[in-house]
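Each remark here refers to the structure printed beneath this line.
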Number of protein chains: 4
Amino acid sequence: MNDFYYPRTRSGKSAILPSVPWHYSGELITLEYRTDVDAVAALLPADVELADEDPGAVAAIWADWQSCSTDFNEIMDPVRCQYKEMFIVIRCKYQDKHYSRCAFIWVDKDFAMLRGQHQGYPKKLGSIHQSRPVNLGKAGPRLEPGGKFGCTLAAYDRRLAEARFTITGSAARPGFVNALPMLHHRWYPAIETNGTDSLEEVVTMSGYDGQMGRCYQGEFELSLFDSPVEELTSIAPRELIAGYWHEVAVSWKQGTTLARRTLEAL
Amino acid sequence: MNDFYYPRTRSGKSAILPSVPWHYSGELITLEYRTDVDAVAALLPADVELADEDPGAVAAIWADWQSCSTDFNEIMDPVRCQYKEMFIVIRCKYQDKHYSRCAFIWVDKDFAMLRGQHQGYPKKLGSIHQSRPVNLGKAGPRLEPGGKFGCTLAAYDRRLAEARFTITGSAARPGFVNALPMLHHRWYPAIETNGTDSLEEVVTMSGYDGQMGRCYQGEFELSLFDSPVEELTSIAPRELIAGYWHEVAVSWKQGTTLARRTLEAL
Amino acid sequence: MNDFYYPRTRSGKSAILPSVPWHYSGELITLEYRTDVDAVAALLPADVELADEDPGAVAAIWADWQSCSTDFNEIMDPVRCQYKEMFIVIRCKYQDKHYSRCAFIWVDKDFAMLRGQHQGYPKKLGSIHQSRPVNLGKAGPRLEPGGKFGCTLAAYDRRLAEARFTITGSAARPGFVNALPMLHHRWYPAIETNGTDSLEEVVTMSGYDGQMGRCYQGEFELSLFDSPVEELTSIAPRELIAGYWHEVAVSWKQGTTLARRTLEAL
Amino acid sequence: MNDFYYPRTRSGKSAILPSVPWHYSGELITLEYRTDVDAVAALLPADVELADEDPGAVAAIWADWQSCSTDFNEIMDPVRCQYKEMFIVIRCKYQDKHYSRCAFIWVDKDFAMLRGQHQGYPKKLGSIHQSRPVNLGKAGPRLEPGGKFGCTLAAYDRRLAEARFTITGSAARPGFVNALPMLHHRWYPAIETNGTDSLEEVVTMSGYDGQMGRCYQGEFELSLFDSPVEELTSIAPRELIAGYWHEVAVSWKQGTTLARRTLEAL
């Protein structure tokens, strides 16, 4: 019986997630801004505190990924390796250490969504788009000052976010909000569905073999829209910091459990 | 802080799953057949046995659902209440009781997929279609003997299953394979991703206020196709039993944990 | 060589549209209201006049269809027979006769979209949803007074229209705006793309073997939203008339050309 | 009244196609092979002949495009500029000149599909994927010898084509099959749907300001699969020629009508 993700069968052939490690290569647009500090606090569980410095800082990130397992079979069947992602990252403090933390996230493939369940990312499905840079012709921005990119997010047939980013120059690093190890909670509510969790874990994770490629900074505008089933407008920008277009590669195989509470064994 | 599903925020507005109870109304096509008993055994975890009687019986079920929470807001925004589902049900024995058990399942909305994570259904995304009966005109089958229905399932751009069902008469009940309480395992692999589970639960669940509406039986053909990431062909039909078109309504609020193993609290 | 729709091959097997006749069975929600008469006039070509009576009347129609050709093969492969549609119908006068006319229309399948090109419907792709009535359970409205339905339309990740409809009683017919033969223009701009049309036709069409099934009337609300590439808000409701839920079946095989202008033969 | 594409309104805001010129930037994988010459002949209308040389040559092309109009608004709303395309190109002779000709084509956006109706491409909707090259990390091929790419096409939930391409070196040009001006037929069947066309045109077209960027050649495998509504298997490879990964930019504003037959004006 394979010992990883659903469905668990003897062969493991149909598991929605392959065995680790997982490899990622992508192009990201990271837009950093400050929002109301109380709105960030409202997104943190009771055991997590605001970051000491710049606690209202937020990163809104669009990503166009390819990911694969170690035999690279997904690259040859690209509908199973390509996905897009938009996520909101804040920072926080837990037991005196600072972390990055994903508050909201949307992807457009099921394997990416369930990978989030494993890693503690609160993933939903969405429709995510970002302009791609081009090397020739007029139908896209160039990776150079003046290059203009558009980004959008929608879910359940409502547009949730729009951004415009213009490169002003090169950058050494793509901001600071998503730069720390992640701190996530992994909750599994009991099937009794009575407000208790069978499992509550606090975990931290980072990738390995991370590489940073081309990196540009620039100016941006960001608009967040309301929906009956979203709360992005609670963290609307109050002050823009900076935006970045950057290439990323990273691999992932494991995180570390910092705390675990469980219901009693039966 | 809302105490249920991701993301957990103070308002709970953006949670992918609303609070229970959940209400369902749907039209199902259930196709029962026998497969290789060893293939069914291969789908069971070590603590679960084959059913005593007719252990190779399988139900392949297509469902066209609407579901909602108790304030019915989803009905007014139907992109959030309608979904389609195809699932494979087998039966099994656990601690001397018999249960139904979902072996494979595909849905076409994220809320349905994560609801599966809560209930122990190993849900993936797919493209699911079934003919709808019509009351007038030529573009659909009638709910009467001779009415012919088509069903299809695809995932990752490959067709995985096709069926044809023809009504031969009315029926008292839609078969026996999916008629027992469900027995599911809820596994949450540790973030250390080392082959251990932080949580392993065996749960059982049934709906309440179940209603059966119109129910017809008939003849069918079922074809299952291969994919690099599926194993449906392992449970191909060896002997057909019977097919059913039936209306179902049910509500759900909770299950019962039968066994729980956890890693040590940290 | 098949003599109908793209691609034209000897076998015709891959043609996006099968040979006529085409059969349709569907459930529709028709919402009739009055808008600014000048806004209706602005949607008419120069050779078409406003209707003599009630020229500002508009029908916003959501439809959940199955359609098929005469060998019914699409019913057995339902991904090829099911589609959803939202369309805006106005009325007009052409050469002293009154007609219905489709001003805007969205569908969710390619065969439906190209069928529109043939018939003169200006079809685009959209995401269209309407609540389905249910016979049992809580997850849907009943077809009886008090039954409440929601309807939505989106395109390019923006919500374009939302409606709520509540049944108040039965009805003899589903309104008057979409009740006349259609008058459409079929334009094929010259490949020189210089503002001239190779072909301009004025055509009229009706179905045959039309049947009306259950029909209910009621109250509604309708909201239309803006987009950079739509102009629905130009025909926003000023006065509501009535709404209807109704079953329809119809077949189609041909229309009649009323006028034709062409560029010179080469 | 705007004088171009559906729907025609006074403002033209909602037209599915913007005014020309249109600009394109894309990455293509072109796989050239020879098939049965009779199968190519079977795809040609009566007024078109096989090419004099290498008449069985075919190009199967996957393309990942961005396209926009001259104000570039689509780049800032990328869901309206990005689309994918798979198409089959053959060559032919018409009135003693040789041309390239699109036999089959699938895209994944409505604007691209209707642009095809204007240009004579027989476009349908499909699900199209090709591996993207990456500059860093493991989740994608590098643009260098040994870089391996996968390509897939599906429509109506059936996989229609799969290819694997491996770079062996750089190339001066991406083959010869799609290198000539296009020769397309633009047919508009009469609304009487009686086997006659209101308009039949033979047109030719090329882009302008074409640019070729990086270009690599290599080895490939290509598999074509059957469907009830496709005929790709009729042109299965008999002998592989060569494959190419290449960057393209081009603009388009017009074609030229070579022949036009129309029904009589009314």
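The way I read the labels, and the way they are meant: chains A, B, ... in the order of the structure tokens, residue 1 as the first residue of every chain, and ligand 1 as the first ligand shown, with later ones counted on from there.
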
If we count only C-alpha atoms, which residues of chain B reach to within 6 Å of chain A? Please list them as a PyMOL selection string. chain B and resi 3+6-7+9+13-14+43+110+122+125+191-193+195+229-231+254-256+259-261+265-266

Can you tell me which residues surround range 63-67 of chain D at a distance of at most 7 Å, considering only C-alpha atoms, apart from same-chain residues fewer than 2 positions away, and format the answer as a list of chain:residue names?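 The contact residues come out as A:Ala139, A:Gly140, D:Trp22, D:His23, D:Tyr24, D:Ser25, D:Gly26, D:Glu27, D:Leu28, D:Ile29, D:Ile61, D:Cys81, D:Gln82, D:Tyr83, D:Lys84, D:Glu85, D:Met86.
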
As an MDAnalysis selection string, please: every residue in range 3-243 of chain D that a backbone DSSP assignment puts in strand (DSSP E or B). chainID D and resid 22:34 49:50 57:69 82:94 97:107 123:125 127:130 148:155 158:170 182:189 197:205 208:224 239:243

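CA of Trp245 in chain A sits 18.1 Å away from CA of Ser223 in chain A.
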
6 Å contact set for Ala60 in chain C, only C-alpha atoms, chain neighbours under 2 positions out, as a PyMOL selection string: chain C and resi 30-31+87-88

Once you have the residues from the selection above, write them out as an mmCIF file, in the first residue's frame, restricted to N, CA and C atoms.
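Saved the output as again.cif:
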data_model
loop_
_atom_site.group_PDB
_atom_site.id
_atom_site.type_symbol
_atom_site.label_atom_id
_atom_site.label_comp_id
_atom_site.auth_asym_id
_atom_site.auth_seq_id
_atom_site.Cartn_x
_atom_site.Cartn_y
_atom_site.Cartn_z
ATOM 1 N N THR C 30 -36.719 33.132 -18.407
ATOM 2 C CA THR C 30 -36.875 34.310 -19.258
ATOM 3 C C THR C 30 -37.330 35.480 -18.394
ATOM 4 N N LEU C 31 -36.558 36.557 -18.413
ATOM 5 C CA LEU C 31 -36.850 37.724 -17.571
ATOM 6 C C LEU C 31 -37.091 38.920 -18.478
ATOM 7 N N PHE C 87 -28.824 34.807 -23.220
ATOM 8 C CA PHE C 87 -28.951 35.710 -24.358
ATOM 9 C C PHE C 87 -29.946 36.825 -24.093
ATOM 10 N N ILE C 88 -29.735 37.910 -24.810
ATOM 11 C CA ILE C 88 -30.552 39.114 -24.702
ATOM 12 C C ILE C 88 -31.336 39.246 -26.007
#

Once DSSP has gone over the backbone, tell me which residues of range 68-193 of chain D are in alpha helix (DSSP H), as number ranges by chain. D: 73-76, 110-119

Go ahead and save the residues from that selection, with N, CA and C atoms, as a compact mmCIF listing (two decimals), in the first residue's frame.
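Wrote it out as selection37.txt, contents follow:
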# COMPACT_ATOMS: atom_id res chain seq x y z
N ASN D 73 -4.32 46.80 -24.85
CA ASN D 73 -5.10 46.64 -23.61
C ASN D 73 -5.16 45.18 -23.17
N GLU D 74 -5.12 44.25 -24.11
CA GLU D 74 -5.23 42.83 -23.76
C GLU D 74 -4.03 42.37 -22.91
N ILE D 75 -2.87 42.98 -23.12
CA ILE D 75 -1.69 42.56 -22.35
C ILE D 75 -1.90 42.82 -20.86
N MET D 76 -2.64 43.88 -20.55
CA MET D 76 -2.88 44.21 -19.14
C MET D 76 -4.00 43.37 -18.53
N ASP D 110 -12.33 31.99 -27.21
CA ASP D 110 -13.33 32.30 -28.24
C ASP D 110 -12.85 33.35 -29.24
N PHE D 111 -12.06 34.35 -28.77
CA PHE D 111 -11.60 35.36 -29.73
C PHE D 111 -10.71 34.72 -30.78
N ALA D 112 -9.89 33.75 -30.37
CA ALA D 112 -9.02 33.07 -31.34
C ALA D 112 -9.85 32.22 -32.29
N MET D 113 -10.93 31.66 -31.78
CA MET D 113 -11.76 30.80 -32.62
C MET D 113 -12.46 31.63 -33.70
N LEU D 114 -13.02 32.77 -33.32
CA LEU D 114 -13.72 33.58 -34.33
C LEU D 114 -12.75 34.30 -35.24
N ARG D 115 -11.55 34.59 -34.77
CA ARG D 115 -10.54 35.14 -35.66
C ARG D 115 -10.28 34.14 -36.78
N GLY D 116 -10.32 32.87 -36.41
CA GLY D 116 -10.18 31.82 -37.43
C GLY D 116 -11.30 31.87 -38.46
N GLN D 117 -12.51 32.12 -38.03
CA GLN D 117 -13.60 32.20 -39.00
C GLN D 117 -13.32 33.30 -40.01
N HIS D 118 -12.75 34.40 -39.53
CA HIS D 118 -12.44 35.49 -40.45
C HIS D 118 -11.34 35.08 -41.43
N GLN D 119 -10.33 34.42 -40.93
CA GLN D 119 -9.14 34.13 -41.75
C GLN D 119 -9.24 32.82 -42.53

Within 8 Å of Cys151 in chain B, counting only C-alpha atoms, which residues show up once you throw out same-chain ones fewer than 6 positions away? Write them as a list of chain:residue names, please.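 In the requested form, the answer reads B:Trp62, B:Ile128, B:His129, B:Gln130, B:Ser131, B:Ala161, B:Glu162, B:Ala163, B:Arg164, C:Met76, C:Asp77, C:Pro78.
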
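Using only C-alpha atoms, the contacts of Leu50 in chain D at a cut-off of 7 Å, with sequence neighbours closer than 5 positions omitted, comprise D:Ala41, D:Pro55, D:Cys92, D:Lys93.
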
Please produce an output containing all heavy atoms for each residue in the selection, written as a PDB file, in the first residue's frame.
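Listing of result_17.pdb after writing:
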ATOM      1  N   ALA D  41      -4.682  14.532 -50.171  1.00  0.00           N
ATOM      2  CA  ALA D  41      -5.587  14.878 -51.279  1.00  0.00           C
ATOM      3  C   ALA D  41      -7.033  14.921 -50.807  1.00  0.00           C
ATOM      4  O   ALA D  41      -7.815  15.779 -51.231  1.00  0.00           O
ATOM      5  CB  ALA D  41      -5.418  13.877 -52.426  1.00  0.00           C
ATOM      6  N   PRO D  55       4.259  16.012 -51.701  1.00  0.00           N
ATOM      7  CA  PRO D  55       2.858  16.371 -51.447  1.00  0.00           C
ATOM      8  C   PRO D  55       2.291  15.765 -50.172  1.00  0.00           C
ATOM      9  O   PRO D  55       1.264  16.230 -49.687  1.00  0.00           O
ATOM     10  CB  PRO D  55       2.129  15.836 -52.687  1.00  0.00           C
ATOM     11  CG  PRO D  55       2.988  14.724 -53.177  1.00  0.00           C
ATOM     12  CD  PRO D  55       4.399  15.163 -52.903  1.00  0.00           C
ATOM     13  N   CYS D  92      -0.346  22.903 -50.764  1.00  0.00           N
ATOM     14  CA  CYS D  92      -1.223  22.635 -51.895  1.00  0.00           C
ATOM     15  C   CYS D  92      -0.862  23.580 -53.043  1.00  0.00           C
ATOM     16  O   CYS D  92      -0.024  24.485 -52.885  1.00  0.00           O
ATOM     17  CB  CYS D  92      -2.688  22.824 -51.493  1.00  0.00           C
ATOM     18  SG  CYS D  92      -3.080  24.498 -50.984  1.00  0.00           S
ATOM     19  N   LYS D  93      -1.502  23.346 -54.172  1.00  0.00           N
ATOM     20  CA  LYS D  93      -1.282  24.197 -55.344  1.00  0.00           C
ATOM     21  C   LYS D  93      -2.638  24.722 -55.808  1.00  0.00           C
ATOM     22  O   LYS D  93      -3.611  23.953 -55.893  1.00  0.00           O
ATOM     23  CB  LYS D  93      -0.610  23.398 -56.454  1.00  0.00           C
ATOM     24  CG  LYS D  93      -0.202  24.256 -57.647  1.00  0.00           C
ATOM     25  CD  LYS D  93       0.748  23.523 -58.580  1.00  0.00           C
ATOM     26  CE  LYS D  93       0.067  22.414 -59.360  1.00  0.00           C
ATOM     27  NZ  LYS D  93       0.906  21.906 -60.464  1.00  0.00           N
TER      28      LYS D  93
END

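Take CA of Pro181 in chain C and CA of Gly210 in chain C: the distance between them is 12.4 Å.
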
Have a look at B:Asn135, B:Ser127, B:Gln95, B:Ser234 and name the one nearest to Val58 in chain B; count only C-alpha atoms.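 The shortest atom-to-atom distance to Val58 in chain B comes from B:Ser234.
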
Could you tell me how far CA of Gln217 in chain C lies from CA of Leu143 in chain C, in Å and to one decimal? 10.4 Å
